[in-house]
file upload-v5.txt (compact mmCIF, N, CA and C atoms)
# COMPACT_ATOMS: atom_id res chain seq x y z
N MET T 11 0.82 -1.19 0.00
CA MET T 11 0.00 0.00 0.00
C MET T 11 0.87 1.26 0.00
N ARG T 12 1.92 1.19 0.79
CA ARG T 12 2.79 2.36 0.90
C ARG T 12 3.44 2.67 -0.44
N LYS T 13 3.87 1.65 -1.16
CA LYS T 13 4.49 1.84 -2.48
C LYS T 13 3.50 2.48 -3.45
N LEU T 14 2.26 2.10 -3.36
CA LEU T 14 1.24 2.68 -4.22
C LEU T 14 1.06 4.16 -3.94
N LEU T 15 1.01 4.55 -2.66
CA LEU T 15 0.86 5.96 -2.29
C LEU T 15 2.06 6.79 -2.74
N VAL T 16 3.26 6.22 -2.59
CA VAL T 16 4.46 6.92 -3.04
C VAL T 16 4.43 7.10 -4.56
N ALA T 17 4.02 6.07 -5.26
CA ALA T 17 3.95 6.13 -6.72
C ALA T 17 2.91 7.17 -7.16
N LEU T 18 1.76 7.19 -6.50
CA LEU T 18 0.72 8.17 -6.84
C LEU T 18 1.20 9.60 -6.54
N THR T 19 1.89 9.77 -5.43
CA THR T 19 2.40 11.09 -5.08
C THR T 19 3.42 11.56 -6.11
N LEU T 20 4.31 10.66 -6.49
CA LEU T 20 5.31 11.02 -7.51
C LEU T 20 4.63 11.32 -8.84
N GLY T 21 3.59 10.58 -9.16
CA GLY T 21 2.84 10.84 -10.39
C GLY T 21 2.17 12.22 -10.36
N GLN T 22 1.62 12.57 -9.21
CA GLN T 22 0.99 13.89 -9.08
C GLN T 22 2.02 15.01 -9.17
N VAL T 23 3.17 14.80 -8.54
CA VAL T 23 4.24 15.81 -8.61
C VAL T 23 4.71 15.96 -10.06
N ALA T 24 4.87 14.85 -10.76
CA ALA T 24 5.29 14.91 -12.16
C ALA T 24 4.24 15.63 -13.01
N ALA T 25 2.97 15.34 -12.76
CA ALA T 25 1.90 16.01 -13.51
C ALA T 25 1.91 17.51 -13.22
N LEU T 26 2.09 17.88 -11.96
CA LEU T 26 2.13 19.29 -11.59
C LEU T 26 3.29 20.00 -12.27
N VAL T 27 4.45 19.37 -12.24
CA VAL T 27 5.63 19.96 -12.89
C VAL T 27 5.39 20.09 -14.39
N GLY T 28 4.77 19.09 -15.00
CA GLY T 28 4.48 19.14 -16.43
C GLY T 28 3.51 20.27 -16.78
N VAL T 29 2.47 20.42 -15.97
CA VAL T 29 1.50 21.49 -16.22
C VAL T 29 2.16 22.86 -16.05
N LEU T 30 2.94 23.02 -15.00
CA LEU T 30 3.63 24.29 -14.79
C LEU T 30 4.61 24.59 -15.92
N ALA T 31 5.31 23.58 -16.39
CA ALA T 31 6.24 23.77 -17.50
C ALA T 31 5.47 24.20 -18.75
N GLY T 32 4.32 23.58 -18.99
CA GLY T 32 3.50 23.95 -20.14
C GLY T 32 3.06 25.40 -20.07
N TYR T 33 2.60 25.82 -18.90
CA TYR T 33 2.18 27.22 -18.75
C TYR T 33 3.35 28.18 -18.93
N LEU T 34 4.52 27.82 -18.39
CA LEU T 34 5.68 28.68 -18.57
C LEU T 34 6.10 28.79 -20.03
N ILE T 35 5.99 27.70 -20.75
CA ILE T 35 6.31 27.74 -22.17
C ILE T 35 5.31 28.62 -22.91
N ALA T 36 4.03 28.52 -22.55
CA ALA T 36 3.00 29.36 -23.19
C ALA T 36 3.24 30.83 -22.88
N ILE T 37 3.60 31.13 -21.65
CA ILE T 37 3.88 32.52 -21.26
C ILE T 37 5.09 33.05 -22.02
N ALA T 38 6.13 32.23 -22.15
CA ALA T 38 7.32 32.65 -22.88
C ALA T 38 6.99 32.94 -24.34
N ALA T 39 6.15 32.10 -24.95
CA ALA T 39 5.77 32.33 -26.35
C ALA T 39 4.98 33.64 -26.48
N THR T 40 4.09 33.90 -25.55
CA THR T 40 3.32 35.14 -25.58
C THR T 40 4.23 36.35 -25.42
N LEU T 41 5.19 36.25 -24.52
CA LEU T 41 6.13 37.35 -24.32
C LEU T 41 6.97 37.59 -25.56
N ARG T 42 7.33 36.54 -26.27
CA ARG T 42 8.08 36.72 -27.53
C ARG T 42 7.23 37.47 -28.55
N LYS T 43 5.95 37.11 -28.64
CA LYS T 43 5.06 37.81 -29.59
C LYS T 43 4.92 39.28 -29.20
N VAL T 44 4.78 39.54 -27.92
CA VAL T 44 4.66 40.93 -27.45
C VAL T 44 5.93 41.70 -27.77
N SER T 45 7.07 41.07 -27.57
CA SER T 45 8.35 41.72 -27.86
C SER T 45 8.46 42.05 -29.35
N ASP T 46 8.04 41.12 -30.21
CA ASP T 46 8.07 41.39 -31.65
C ASP T 46 7.15 42.56 -32.00
N THR T 47 5.96 42.57 -31.42
CA THR T 47 5.02 43.65 -31.69
C THR T 47 5.56 44.99 -31.23
N LEU T 48 6.16 45.02 -30.05
CA LEU T 48 6.74 46.26 -29.54
C LEU T 48 7.88 46.74 -30.44
N GLY T 49 8.64 45.82 -30.97
CA GLY T 49 9.71 46.19 -31.90
C GLY T 49 9.15 46.85 -33.15
N ARG T 50 8.06 46.29 -33.66
CA ARG T 50 7.44 46.88 -34.85
C ARG T 50 6.87 48.26 -34.55
N VAL T 51 6.24 48.39 -33.39
CA VAL T 51 5.67 49.69 -33.02
C VAL T 51 6.79 50.72 -32.87
N THR T 52 7.88 50.34 -32.23
CA THR T 52 9.02 51.25 -32.07
C THR T 52 9.56 51.68 -33.43
N PHE T 53 9.69 50.74 -34.34
CA PHE T 53 10.16 51.06 -35.68
C PHE T 53 9.22 52.05 -36.36
N GLY T 54 7.91 51.83 -36.22
CA GLY T 54 6.93 52.73 -36.83
C GLY T 54 6.97 54.12 -36.24
N VAL T 55 7.12 54.20 -34.91
CA VAL T 55 7.18 55.51 -34.26
C VAL T 55 8.41 56.27 -34.71
N ARG T 56 9.53 55.58 -34.84
CA ARG T 56 10.75 56.25 -35.31
C ARG T 56 10.59 56.75 -36.74
N ALA T 57 9.91 55.96 -37.57
CA ALA T 57 9.66 56.39 -38.95
C ALA T 57 8.79 57.64 -38.98
N ILE T 58 7.77 57.66 -38.13
CA ILE T 58 6.89 58.84 -38.06
C ILE T 58 7.68 60.05 -37.58
N GLU T 59 8.55 59.83 -36.59
CA GLU T 59 9.36 60.94 -36.08
C GLU T 59 10.24 61.53 -37.19
N ARG T 60 10.87 60.67 -37.96
CA ARG T 60 11.74 61.17 -39.04
C ARG T 60 10.92 61.90 -40.11
N GLN T 61 9.74 61.39 -40.40
CA GLN T 61 8.94 62.01 -41.46
C GLN T 61 8.34 63.34 -41.03
N THR T 62 8.16 63.53 -39.73
CA THR T 62 7.54 64.78 -39.26
C THR T 62 8.56 65.80 -38.76
N GLU T 63 9.84 65.51 -38.84
CA GLU T 63 10.87 66.46 -38.40
C GLU T 63 10.78 67.81 -39.09
N PRO T 64 10.55 67.86 -40.40
CA PRO T 64 10.51 69.17 -41.08
C PRO T 64 9.35 70.05 -40.64
N ILE T 65 8.36 69.50 -39.99
CA ILE T 65 7.20 70.28 -39.58
C ILE T 65 7.54 71.25 -38.45
N GLY T 66 8.50 70.92 -37.61
CA GLY T 66 8.85 71.74 -36.44
C GLY T 66 9.10 73.20 -36.75
N PRO T 67 10.06 73.52 -37.61
CA PRO T 67 10.33 74.92 -37.92
C PRO T 67 9.13 75.63 -38.55
N ALA T 68 8.40 74.93 -39.40
CA ALA T 68 7.22 75.54 -40.03
C ALA T 68 6.17 75.86 -38.98
N LEU T 69 5.98 74.98 -38.01
CA LEU T 69 4.99 75.24 -36.96
C LEU T 69 5.39 76.42 -36.09
N ARG T 70 6.68 76.60 -35.86
CA ARG T 70 7.11 77.77 -35.08
C ARG T 70 6.73 79.06 -35.81
N GLN T 71 6.92 79.07 -37.12
CA GLN T 71 6.54 80.25 -37.91
C GLN T 71 5.03 80.46 -37.88
N VAL T 72 4.28 79.39 -38.02
CA VAL T 72 2.82 79.50 -38.00
C VAL T 72 2.36 80.01 -36.64
N ASN T 73 2.93 79.50 -35.56
CA ASN T 73 2.56 79.95 -34.22
C ASN T 73 2.88 81.43 -34.02
N ALA T 74 4.02 81.87 -34.54
CA ALA T 74 4.38 83.28 -34.40
C ALA T 74 3.37 84.17 -35.13
N VAL T 75 2.99 83.77 -36.33
CA VAL T 75 2.01 84.55 -37.10
C VAL T 75 0.66 84.54 -36.39
N LEU T 76 0.26 83.40 -35.86
CA LEU T 76 -1.02 83.32 -35.16
C LEU T 76 -1.02 84.17 -33.89
N GLU T 77 0.10 84.21 -33.19
CA GLU T 77 0.19 85.06 -32.00
C GLU T 77 0.04 86.52 -32.38
N GLU T 78 0.68 86.92 -33.47
CA GLU T 78 0.54 88.30 -33.95
C GLU T 78 -0.91 88.59 -34.30
N ALA T 79 -1.56 87.67 -34.97
CA ALA T 79 -2.96 87.86 -35.36
C ALA T 79 -3.85 87.95 -34.11
N ALA T 80 -3.59 87.10 -33.13
CA ALA T 80 -4.37 87.13 -31.90
C ALA T 80 -4.19 88.46 -31.17
N ASP T 81 -2.95 88.95 -31.13
CA ASP T 81 -2.70 90.25 -30.50
C ASP T 81 -3.45 91.36 -31.23
N GLY T 82 -3.42 91.32 -32.55
CA GLY T 82 -4.13 92.34 -33.34
C GLY T 82 -5.63 92.28 -33.11
N LEU T 83 -6.18 91.08 -33.02
CA LEU T 83 -7.61 90.93 -32.77
C LEU T 83 -7.99 91.42 -31.37
N GLU T 84 -7.12 91.13 -30.40
CA GLU T 84 -7.39 91.61 -29.04
C GLU T 84 -7.37 93.14 -28.99
N ARG T 85 -6.40 93.72 -29.69
CA ARG T 85 -6.34 95.20 -29.74
C ARG T 85 -7.57 95.77 -30.43
N ALA T 86 -7.99 95.14 -31.51
CA ALA T 86 -9.18 95.60 -32.24
C ALA T 86 -10.42 95.47 -31.37
N ALA T 87 -10.54 94.37 -30.66
CA ALA T 87 -11.70 94.18 -29.77
C ALA T 87 -11.68 95.19 -28.65
N GLY T 88 -10.50 95.49 -28.11
CA GLY T 88 -10.38 96.51 -27.04
C GLY T 88 -10.74 97.89 -27.54
N ALA T 89 -10.31 98.23 -28.77
CA ALA T 89 -10.62 99.54 -29.34
C ALA T 89 -12.11 99.66 -29.60
N GLU T 90 -12.76 98.61 -30.01
CA GLU T 90 -14.19 98.66 -30.28
C GLU T 90 -14.98 98.84 -28.97
N ARG T 91 -14.54 98.19 -27.91
CA ARG T 91 -15.20 98.31 -26.61
C ARG T 91 -15.09 99.75 -26.09
N GLN T 92 -13.94 100.34 -26.34
CA GLN T 92 -13.75 101.71 -25.85
C GLN T 92 -14.59 102.71 -26.63
N SER T 93 -14.87 102.44 -27.89
CA SER T 93 -15.66 103.38 -28.69
C SER T 93 -17.15 103.30 -28.38
N LYS T 94 -17.60 102.26 -27.74
CA LYS T 94 -19.03 102.13 -27.41
C LYS T 94 -19.38 102.85 -26.20
call {"tool": "encode", "arguments": {"input": "upload-v5.txt", "output": "structure tokens"}}
result
Amino acid sequence: MRKLLVALTLGQVAALVGVLAGYLIAIAATLRKVSDTLGRVTFGVRAIERQTEPIGPALRQVNAVLEEAADGLERAAGAERQSK
């Protein structure tokens, strides 16, 4: 009887180790897929960064012109308020 219990216990331990190993292998495979996806996303973001670099100086000019226009509109609105 004792030999049977030892054999069953060893069988259960082996099954537990096998199941845990299977889950670890599945987790490792998922992590590899995630790593590949992150690599692709990083590559895409870098490509977008390079393609949008020329926009920076142009946006500074646009912002400067818009600030001037906003100042002019505020002055015009202030002058109209004073005339009423």
call {"tool": "atom_distance", "arguments": {"input": "upload-v5.txt", "atom1": "CA of Val29 (chain T)", "atom2": "CA of Thr47 (chain T)"}}
result
27.3 Å
call {"tool": "atom_distance", "arguments": {"input": "upload-v5.txt", "atom1": "atom N of Gln92 (chain T)", "atom2": "CA of Ala74 (chain T)"}}
result
26.3 Å
call {"tool": "atom_distance", "arguments": {"input": "upload-v5.txt", "atom1": "CA of Val23 (chain T)", "atom2": "CA of Ile37 (chain T)"}}
result
21.0 Å
call {"tool": "axis_aligned_box", "arguments": {"input": "upload-v5.txt", "around": "region 24-40 of chain T", "padding_each_side": "6 Å", "output": "JSON"}}
result
{"center_x": 4.4, "center_y": 25.6, "center_z": -18.6, "size_x": 17.8, "size_y": 33.5, "size_z": 27.7}
